[in-house]
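Trainee: Pasting a structure here, questions to come.
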Amino acid sequence: MKKFAALLYVLLTVTLMFWGYYQAIYVAPNDAMQGEIFRIIFYHVPSFAVAFVFFATSFAGSIAFLAFRRNFPDRAQIADALALAGAEVGVVFCTVGLTTGPLWGRRAWGIWWTWDARLTTTLVLWLIYVSYLLLRRFAAGPQMQTLAAVLGIFGALDVPIVYMANRWWRTQHPAPVFGGAPGSGMDPSMVGPFLWNLLAWFAWGVMILAIRFRLERKQQRIAEKEAQAALTA
Amino acid sequence: MDQAAILDHQFRVAAYVATWVIQLGYLAWLGLKWRSLKRAEKP
């Protein structure tokens with residue numbers, strides 16, 4: 001039953017991805033000012049939205065790990081696996097956003113990159129979580145998970161700064177499309193395709209997050225078995 | 001199609017391709033990791 005539900009979810013996600021692509025390419029009209037290059041928004045913005053949700057997941061997992069690590073070691077391991085999965089999948093989506101953004105910028109602004117507040121804080125966010133993953137990969141010893149949890153919490157503090165950057169400061173990056181100043185927003189003909197792509201990328205993200213979480217739990221069980229075998233040997 | 005529209009098209013395609021290369025590349029890496037852990041699980 002569990003396998004069937006998982007298969008159904010994968011099928012639904014793949015269908016959503018195709019539907020999202022169809023909406024982005026064939027349903028949404030070209031932007032009057034930007035032409036076709038505008039369609040990058042259907043991959044760029046959802047990628048960052050999903051990345052932020054997963055960095056928040058990592059944040060929650062890190063806090064739960066620190067709360068449970070002394071009295072509930074099993075729960076702490078689950079929280080740690082969630083924190084790692086959230087950070088890693090968040091980095092993947094953030095990488096997509098940082099790749100598609102300059103491709104749009106080159107055509108819209110004539111430059112690949114500029115050190116404005118939105119772009120710089122986003123790069124810092126990416127670097128913090130890459131450091132988190134490097135710490136988890138190369139640090140050893142019983143303190144590694146605790147250190148990673150602390151870094152995960154600090155990293156997540158950058159998320160609201162990234163989100164607010166183009167509200168607090170004047171940036172080269174466009175002003176917020178949603179929830180921005182009066183008059184901001186998207187043409188109704190583009191909202192549908194945007195929301196479909198947001199849903200599709202979120203479904204995709206949850207799918208790979210679930211795979212990464214299960215992998216980490218498996219790895220934890222193997223490590224635990226090895227540690228027990230070493231003790232009894 | 002004028003030159004600007006052709007460039008817009010190429011950049012849009014590049015962005016979509018880059019997205020899928022990153023996402024599917026990561027999924028493939030997860031698959032390889034899964035396989036190696038499955039092997040490690042066997043006694």
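Numbering starts fresh at 1 for the residues of each chain in the structure tokens, the chains themselves are lettered A, B, ... in the order given, and ligands are numbered from 1 as they appear.
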May I have the residues of chain A within 9 Å of chain B, counting only C-alpha atoms, written as a list in words?
Mentor: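 That gives the following set of residues: Gln34, Gly35, Glu36, Ile37, Phe38, Arg39, Ile40, Tyr43, His44, Val89, Val92, Phe93, Thr95, Val96, Gly97, Thr99, Thr100, Gly101, Leu103, Trp104, Arg106, Arg107, Ile208, Ile211, Arg212, Leu215, Lys218, Gln219 and Ile222 of chain A.
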Trainee: Residues of the last selection are to be written out with C-alpha atoms, as a PDB file, in the first residue's frame.
Mentor:
ATOM      1  CA  GLN A  34      10.452  41.229 -22.088  1.00  0.00           C
ATOM      2  CA  GLY A  35       9.160  38.845 -24.729  1.00  0.00           C
ATOM      3  CA  GLU A  36       9.974  35.170 -24.296  1.00  0.00           C
ATOM      4  CA  ILE A  37      12.768  35.627 -21.747  1.00  0.00           C
ATOM      5  CA  PHE A  38      10.070  36.420 -19.181  1.00  0.00           C
ATOM      6  CA  ARG A  39       9.119  32.707 -19.169  1.00  0.00           C
ATOM      7  CA  ILE A  40      12.213  31.992 -17.054  1.00  0.00           C
ATOM      8  CA  TYR A  43      11.239  28.100 -13.137  1.00  0.00           C
ATOM      9  CA  HIS A  44      13.207  30.818 -11.336  1.00  0.00           C
ATOM     10  CA  VAL A  89      17.403  19.842  -1.400  1.00  0.00           C
ATOM     11  CA  VAL A  92      19.707  22.194  -5.175  1.00  0.00           C
ATOM     12  CA  PHE A  93      16.749  24.553  -5.680  1.00  0.00           C
ATOM     13  CA  THR A  95      21.437  26.527  -7.305  1.00  0.00           C
ATOM     14  CA  VAL A  96      18.684  26.398  -9.941  1.00  0.00           C
ATOM     15  CA  GLY A  97      17.576  29.916  -8.959  1.00  0.00           C
ATOM     16  CA  THR A  99      21.677  29.691 -12.482  1.00  0.00           C
ATOM     17  CA  THR A 100      18.440  30.792 -14.139  1.00  0.00           C
ATOM     18  CA  GLY A 101      18.630  34.312 -12.656  1.00  0.00           C
ATOM     19  CA  LEU A 103      20.493  33.894 -17.734  1.00  0.00           C
ATOM     20  CA  TRP A 104      17.466  36.175 -17.402  1.00  0.00           C
ATOM     21  CA  ARG A 106      21.934  38.894 -19.229  1.00  0.00           C
ATOM     22  CA  ARG A 107      19.006  39.491 -21.582  1.00  0.00           C
ATOM     23  CA  ILE A 208      13.265  14.376  -3.656  1.00  0.00           C
ATOM     24  CA  ILE A 211      14.004  10.228  -0.969  1.00  0.00           C
ATOM     25  CA  ARG A 212      16.907  12.104   0.672  1.00  0.00           C
ATOM     26  CA  LEU A 215      18.464   7.666   2.487  1.00  0.00           C
ATOM     27  CA  LYS A 218      19.065   4.218   6.165  1.00  0.00           C
ATOM     28  CA  GLN A 219      22.608   5.546   6.584  1.00  0.00           C
ATOM     29  CA  ILE A 222      23.814   1.220   9.068  1.00  0.00           C
TER      30      ILE A 222
END
Trainee: Mind checking DSSP for region 1-224 of chain A and telling me the alpha helix (DSSP H) residues as an NGL selection string?
Mentor: :A and (2-22 or 41-68 or 73-108 or 117-138 or 144-156 or 158-168 or 188-224)
Trainee: Which residues, written as a ChimeraX atom specification, have at least one atom at most 6 Å from region 117-119 of chain A, with only C-alpha atoms counted and residues fewer than 2 positions away on the same chain left out?
Mentor: /A:121-122,162,165-166
Trainee: With N, CA and C atoms retained, could you export that selection as a PDB file, in the first residue's frame?
Mentor:
ATOM      1  N   THR A 121      22.730  38.725  -0.936  1.00  0.00           N
ATOM      2  CA  THR A 121      22.233  37.960   0.224  1.00  0.00           C
ATOM      3  C   THR A 121      21.853  36.530  -0.197  1.00  0.00           C
ATOM      4  N   THR A 122      21.383  36.389  -1.431  1.00  0.00           N
ATOM      5  CA  THR A 122      21.037  35.043  -1.916  1.00  0.00           C
ATOM      6  C   THR A 122      22.301  34.196  -2.070  1.00  0.00           C
ATOM      7  N   VAL A 162      16.927  37.752   2.681  1.00  0.00           N
ATOM      8  CA  VAL A 162      16.858  37.619   1.215  1.00  0.00           C
ATOM      9  C   VAL A 162      15.475  38.050   0.733  1.00  0.00           C
ATOM     10  N   ALA A 165      15.047  41.820   1.003  1.00  0.00           N
ATOM     11  CA  ALA A 165      16.119  42.659   0.447  1.00  0.00           C
ATOM     12  C   ALA A 165      15.605  43.688  -0.562  1.00  0.00           C
ATOM     13  N   ASN A 166      14.743  43.253  -1.498  1.00  0.00           N
ATOM     14  CA  ASN A 166      14.287  44.235  -2.499  1.00  0.00           C
ATOM     15  C   ASN A 166      13.094  45.069  -2.011  1.00  0.00           C
TER      16      ASN A 166
END
Trainee: Can you pull out the residues contacting region 66-80 of chain A? Cut-off 12 Å, using only C-alpha atoms, and skip same-chain residues under 2 positions away; I want them as a PyMOL selection string.
Mentor: chain A and resi 57-64+82-87+136+142-153+213-221+223-224
Trainee: Write out as a VMD selection string which residues come within 9 Å of region 194-206 of chain A when counting only C-alpha atoms, dropping same-chain ones fewer than 2 positions away.
Mentor: chain A and resid 9 to 10 12 to 21 23 to 24 28 41 to 43 45 to 47 49 to 51 54 89 to 90 93 190 to 192 208 to 211
Trainee: With N, CA and C atoms retained, export the selected residues as an mmCIF file, in the first residue's frame.
Mentor:
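Listed below is the output, result-v6.cif:
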data_model
loop_
_atom_site.group_PDB
_atom_site.id
_atom_site.type_symbol
_atom_site.label_atom_id
_atom_site.label_comp_id
_atom_site.auth_asym_id
_atom_site.auth_seq_id
_atom_site.Cartn_x
_atom_site.Cartn_y
_atom_site.Cartn_z
ATOM 1 N N TYR A 9 2.192 9.093 -6.177
ATOM 2 C CA TYR A 9 2.701 10.445 -5.960
ATOM 3 C C TYR A 9 3.724 10.824 -7.037
ATOM 4 N N VAL A 10 4.590 9.868 -7.372
ATOM 5 C CA VAL A 10 5.595 10.135 -8.412
ATOM 6 C C VAL A 10 4.901 10.409 -9.745
ATOM 7 N N LEU A 12 1.874 11.508 -10.251
ATOM 8 C CA LEU A 12 1.194 12.802 -10.153
ATOM 9 C C LEU A 12 2.190 13.948 -10.335
ATOM 10 N N THR A 13 3.353 13.798 -9.703
ATOM 11 C CA THR A 13 4.386 14.843 -9.804
ATOM 12 C C THR A 13 4.875 14.998 -11.240
ATOM 13 N N VAL A 14 5.137 13.861 -11.901
ATOM 14 C CA VAL A 14 5.629 13.921 -13.285
ATOM 15 C C VAL A 14 4.566 14.559 -14.189
ATOM 16 N N THR A 15 3.297 14.183 -13.967
ATOM 17 C CA THR A 15 2.202 14.779 -14.751
ATOM 18 C C THR A 15 2.152 16.292 -14.520
ATOM 19 N N LEU A 16 2.299 16.683 -13.256
ATOM 20 C CA LEU A 16 2.291 18.120 -12.926
ATOM 21 C C LEU A 16 3.444 18.850 -13.605
ATOM 22 N N MET A 17 4.599 18.201 -13.669
ATOM 23 C CA MET A 17 5.763 18.828 -14.308
ATOM 24 C C MET A 17 5.485 19.080 -15.788
ATOM 25 N N PHE A 18 4.918 18.062 -16.468
ATOM 26 C CA PHE A 18 4.591 18.227 -17.891
ATOM 27 C C PHE A 18 3.525 19.312 -18.082
ATOM 28 N N TRP A 19 2.529 19.296 -17.197
ATOM 29 C CA TRP A 19 1.439 20.274 -17.278
ATOM 30 C C TRP A 19 1.984 21.687 -17.029
ATOM 31 N N GLY A 20 2.879 21.802 -16.071
ATOM 32 C CA GLY A 20 3.494 23.088 -15.768
ATOM 33 C C GLY A 20 4.281 23.610 -16.968
ATOM 34 N N TYR A 21 5.027 22.704 -17.611
ATOM 35 C CA TYR A 21 5.808 23.091 -18.787
ATOM 36 C C TYR A 21 4.879 23.559 -19.916
ATOM 37 N N GLN A 23 1.898 24.807 -19.614
ATOM 38 C CA GLN A 23 1.340 26.101 -19.222
ATOM 39 C C GLN A 23 2.353 27.232 -19.455
ATOM 40 N N ALA A 24 3.604 26.963 -19.083
ATOM 41 C CA ALA A 24 4.642 27.998 -19.188
ATOM 42 C C ALA A 24 4.949 28.348 -20.640
ATOM 43 N N ALA A 28 0.815 30.649 -21.220
ATOM 44 C CA ALA A 28 1.183 32.015 -20.828
ATOM 45 C C ALA A 28 1.597 32.814 -22.071
ATOM 46 N N ILE A 41 10.745 33.084 -15.448
ATOM 47 C CA ILE A 41 10.128 33.284 -14.124
ATOM 48 C C ILE A 41 9.400 32.024 -13.652
ATOM 49 N N PHE A 42 8.891 31.222 -14.580
ATOM 50 C CA PHE A 42 8.128 30.030 -14.196
ATOM 51 C C PHE A 42 9.010 28.944 -13.573
ATOM 52 N N TYR A 43 10.314 29.043 -13.787
ATOM 53 C CA TYR A 43 11.239 28.100 -13.137
ATOM 54 C C TYR A 43 12.018 28.808 -12.017
ATOM 55 N N VAL A 45 11.350 31.678 -10.008
ATOM 56 C CA VAL A 45 10.675 32.057 -8.752
ATOM 57 C C VAL A 45 10.228 30.821 -7.953
ATOM 58 N N PRO A 46 9.562 29.824 -8.576
ATOM 59 C CA PRO A 46 9.208 28.632 -7.788
ATOM 60 C C PRO A 46 10.424 27.950 -7.169
ATOM 61 N N SER A 47 11.565 27.972 -7.868
ATOM 62 C CA SER A 47 12.770 27.332 -7.309
ATOM 63 C C SER A 47 13.161 27.994 -5.994
ATOM 64 N N ALA A 49 11.142 29.795 -4.075
ATOM 65 C CA ALA A 49 10.059 29.581 -3.098
ATOM 66 C C ALA A 49 10.239 28.220 -2.421
ATOM 67 N N VAL A 50 10.528 27.197 -3.228
ATOM 68 C CA VAL A 50 10.708 25.841 -2.679
ATOM 69 C C VAL A 50 11.978 25.795 -1.819
ATOM 70 N N ALA A 51 13.031 26.444 -2.282
ATOM 71 C CA ALA A 51 14.283 26.473 -1.497
ATOM 72 C C ALA A 51 14.027 27.077 -0.120
ATOM 73 N N PHE A 54 12.282 24.661 2.150
ATOM 74 C CA PHE A 54 13.147 23.567 2.623
ATOM 75 C C PHE A 54 14.226 24.066 3.590
ATOM 76 N N VAL A 89 18.362 19.580 -0.311
ATOM 77 C CA VAL A 89 17.403 19.842 -1.400
ATOM 78 C C VAL A 89 17.228 21.354 -1.576
ATOM 79 N N GLY A 90 17.282 22.099 -0.476
ATOM 80 C CA GLY A 90 17.227 23.563 -0.567
ATOM 81 C C GLY A 90 18.377 24.106 -1.392
ATOM 82 N N PHE A 93 17.696 23.569 -5.126
ATOM 83 C CA PHE A 93 16.749 24.553 -5.680
ATOM 84 C C PHE A 93 17.352 25.953 -5.732
ATOM 85 N N MET A 190 -1.172 35.221 -16.773
ATOM 86 C CA MET A 190 0.105 34.585 -16.399
ATOM 87 C C MET A 190 0.039 33.945 -15.017
ATOM 88 N N VAL A 191 -0.964 34.320 -14.228
ATOM 89 C CA VAL A 191 -1.041 33.815 -12.847
ATOM 90 C C VAL A 191 -1.261 32.305 -12.822
ATOM 91 N N GLY A 192 -2.182 31.822 -13.665
ATOM 92 C CA GLY A 192 -2.475 30.380 -13.715
ATOM 93 C C GLY A 192 -1.225 29.553 -14.006
ATOM 94 N N ILE A 208 11.826 14.619 -3.856
ATOM 95 C CA ILE A 208 13.265 14.376 -3.656
ATOM 96 C C ILE A 208 13.663 14.559 -2.189
ATOM 97 N N LEU A 209 12.919 15.400 -1.460
ATOM 98 C CA LEU A 209 13.184 15.540 -0.023
ATOM 99 C C LEU A 209 12.889 14.210 0.690
ATOM 100 N N ALA A 210 11.779 13.578 0.298
ATOM 101 C CA ALA A 210 11.407 12.299 0.923
ATOM 102 C C ALA A 210 12.461 11.229 0.626
ATOM 103 N N ILE A 211 12.962 11.216 -0.602
ATOM 104 C CA ILE A 211 14.004 10.228 -0.969
ATOM 105 C C ILE A 211 15.259 10.493 -0.136
#
Trainee: Can you tell me how far CA of Ala28 (chain B) sits from CA of Ala81 (chain A), in Å to one decimal?
Mentor: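 That distance, rounded to one decimal, is 19.7 Å.
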Trainee: For the atom pair CA of Gly105 (chain A) and CA of Ser131 (chain A), what is the interatomic distance in Å to one decimal place?
Mentor: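 Computing the Euclidean distance for CA of Gly105 (chain A) and CA of Ser131 (chain A) yields 26.5 Å.
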Trainee: I'd like the interatomic distance between CA of Ala56 (chain A) and CA of Leu157 (chain A), to a tenth of an Å.
Mentor: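 Computing the Euclidean distance for CA of Ala56 (chain A) and CA of Leu157 (chain A) yields 9.4 Å.
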Trainee: Could you give me, as an MDAnalysis selection string, the residues within 12 Å of Pro176 (chain A), counting only C-alpha atoms and dropping anything in the same chain fewer than 3 positions from it?
Mentor: chainID A and resid 45 118 162:173 179:186
